[in-house]
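Below is one structure; the comments refer to it alone.
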Amino acid sequence: MEKRTSLFENGLIWFGAGVSIAEILTGTYFAALGFGRGLAAILVGHVIGCIMLFLAGVIGGKTRKSAMETVKDSFGSHGGQLFAILNVLQLVGWTAIMIYDGALAAGGIFTVGHWVWCLVIGALIIVWILIGITNLGKVNTVAMAALFILTLILFKIIFFDGTVVTSITDETFSFGAAVELAVAMPLSWLPLISDYTREAKEPVKATAVSTVVYGVVSCFMYLVGMGAALFTGESDIAQIMVKAELGIAGLLIIVFSTVTTTFLDAYSAGISSESIFAGLKGKYVAVVVTVIGTIGAIVYPMDDITDFLYLIGSVFAPMIAVQIADFFILKKKKSETGFDWCNLLIWLAGFILYRVLMNIDMLLGNTLPDMVLTILLCMIVAAVRGRKKA
């Protein structure tokens, strides 16, 4: 009998996804808005992003398909492969970024050379991959418990031991831009969540647990980053840990939070590769992705990822909007063609619209308007096609 993951195990997986140095670093940008407005932007953005994340997870959970296999239902077998290729590329990018950030932060506490920390983190990610998603239960429980305690200590140091609130202003960083930056992180997990919910005993409940756990933890990480910039005047999380004399504990936070998050990126890259070439073994592709990401982290500087986040949003927000329309509203059957040109053109319109909306400052960011308009376009096209057939 096939082993299925429990609600608790799914919660642990997405707790690990949320505990991330990249999320803390992104949170530092919100200090420009001040604490109150920054917190509001974080919460609004995560509510929008996590609703989309939940709907994406339900599609995969109910159909028992990986994320990229569900994409084929809307865009055709070859159309789905196009998005699978784009997904693998963004996951290779994420793997490299996460290893780079983790190694940089670890090097700030214990200097042995950036490349050494890249190799250490890369090796631990490979260990996580080889253990496998359905066998990580006890290992993840211990790692997550340790990370939870350590992040609480970090939270206390930042918010209760800081003495001066630093005034950081940036007139170019609006509330709408902040919301969009908060949406971007859960949105980046959209092409991954079904890879895990499909393995769950109770897929819809597991999706709800995964989304809520990730949303709460991600908000907490953003808050830690914003607090670090406001209350300590530091945006370098490693220096905060050094000043707080966390030492080994700080190093553990950095290394294992990087491993538990980046594991999901590499693992899903392997699963997505199976949608491109059926003969590939996802686990071993994930190992190769980790190796490539490790090399990339050693060779290339990756200090500012905001443009990367917006690119992910512009590709995958209209993609999931088409899937939401097909699955929940239109109840469309699986596309039997190689390319569903109609949906691909709708996606292209959504992609262009997203890039246009990036130049317009809107209170709720541009992801939500883009997805709403893309869904409406799907419904209009379906209605027109229905009349023609009639």
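Starting from 1 in every chain, residues are counted up; chains themselves are A, B, ... following the order of the structure tokens, and ligands are numbered from 1 as listed.
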Counting only C-alpha atoms, what is within 12 Å of range 310-312 of chain A, bar same-chain residues fewer than 6 positions away, as a PyMOL selection string?
chain A and resi 83+86-91+93-94+177-178+180-191+304+318-320+351-352+354-355+357-359+365-367
Could you pull out the helix (DSSP H, G or I) residues of range 201-384 of chain A, going by DSSP on the backbone, and write them as an NGL selection string?
:A and (203-231 or 237-243 or 248-276 or 282-299 or 306-329 or 341-357 or 367-384)
As number ranges by chain, please: the residues near range 146-150 of chain A (cut-off 8 Å, only C-alpha atoms, same-chain neighbours under 6 positions excluded).
A: 19, 249-250, 252-253, 256-257
In Å, with one decimal, what is the gap from CA of Pro203 in chain A to CA of Trp14 in chain A?
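Taking CA of Pro203 in chain A and CA of Trp14 in chain A, their separation equals 14.2 Å.
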Determine, for each residue of range 284-356 of chain A having at least one atom at most 12 Å from an atom of range 103-109 of chain A, the closest pair of atoms and their separation in Å to one decimal, counting only C-alpha atoms; order by chain and ascending number, as JSON lines.
{"residue": "A:Thr294", "atom": "CA", "partner": "A:Ala103", "partner_atom": "CA", "distance": 10.0}
{"residue": "A:Ala297", "atom": "CA", "partner": "A:Ala103", "partner_atom": "CA", "distance": 8.4}
{"residue": "A:Ile298", "atom": "CA", "partner": "A:Ala103", "partner_atom": "CA", "distance": 9.1}
{"residue": "A:Pro301", "atom": "CA", "partner": "A:Leu104", "partner_atom": "CA", "distance": 10.1}
{"residue": "A:Met302", "atom": "CA", "partner": "A:Leu104", "partner_atom": "CA", "distance": 10.1}
{"residue": "A:Asp303", "atom": "CA", "partner": "A:Leu104", "partner_atom": "CA", "distance": 9.7}
Here is a test: counting only C-alpha atoms, which residue of A:Gly227, A:Gly57, A:Gly113, A:Gly80 is nearest to Leu39 in chain A?
A:Gly227
Could you make a table, as CSV, of the residues of range 185-304 of chain A that have an atom within 10 Å of an atom of range 119-125 of chain A, each with its nearest atom pair and distance in Å to one decimal, counting only C-alpha atoms, in chain and number order?
residue,atom,partner,partner_atom,distance
A:Ile254,CA,A:Ile121,CA,9.8
A:Val255,CA,A:Ile121,CA,6.5
A:Phe256,CA,A:Ile121,CA,8.2
A:Thr258,CA,A:Ile121,CA,7.5
A:Val259,CA,A:Ile125,CA,5.3
A:Thr260,CA,A:Ile125,CA,7.6
A:Thr261,CA,A:Ile125,CA,9.1
A:Thr262,CA,A:Ile125,CA,7.0
A:Phe263,CA,A:Ile125,CA,5.4
A:Leu264,CA,A:Ile125,CA,9.2
A:Ala266,CA,A:Ile125,CA,8.3
A:Tyr267,CA,A:Ile125,CA,9.5
A:Ala286,CA,A:Ile125,CA,9.6
A:Val287,CA,A:Ile125,CA,8.4
A:Thr290,CA,A:Gly122,CA,6.2
A:Val291,CA,A:Gly122,CA,6.9
A:Ile292,CA,A:Gly122,CA,9.6
A:Gly293,CA,A:Gly122,CA,8.0
A:Thr294,CA,A:Gly122,CA,5.8
A:Ile295,CA,A:Leu119,CA,8.6
A:Ala297,CA,A:Leu119,CA,9.5
A:Ile298,CA,A:Leu119,CA,8.7
Between CA of Ala321 in chain A and CA of Arg387 in chain A, distance in Å (one decimal):
22.8 Å
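Distance check against Arg198 in chain A using only C-alpha atoms: of A:Asp340, A:Ala22, A:Gly61, A:Leu251, the minimum falls on A:Gly61.
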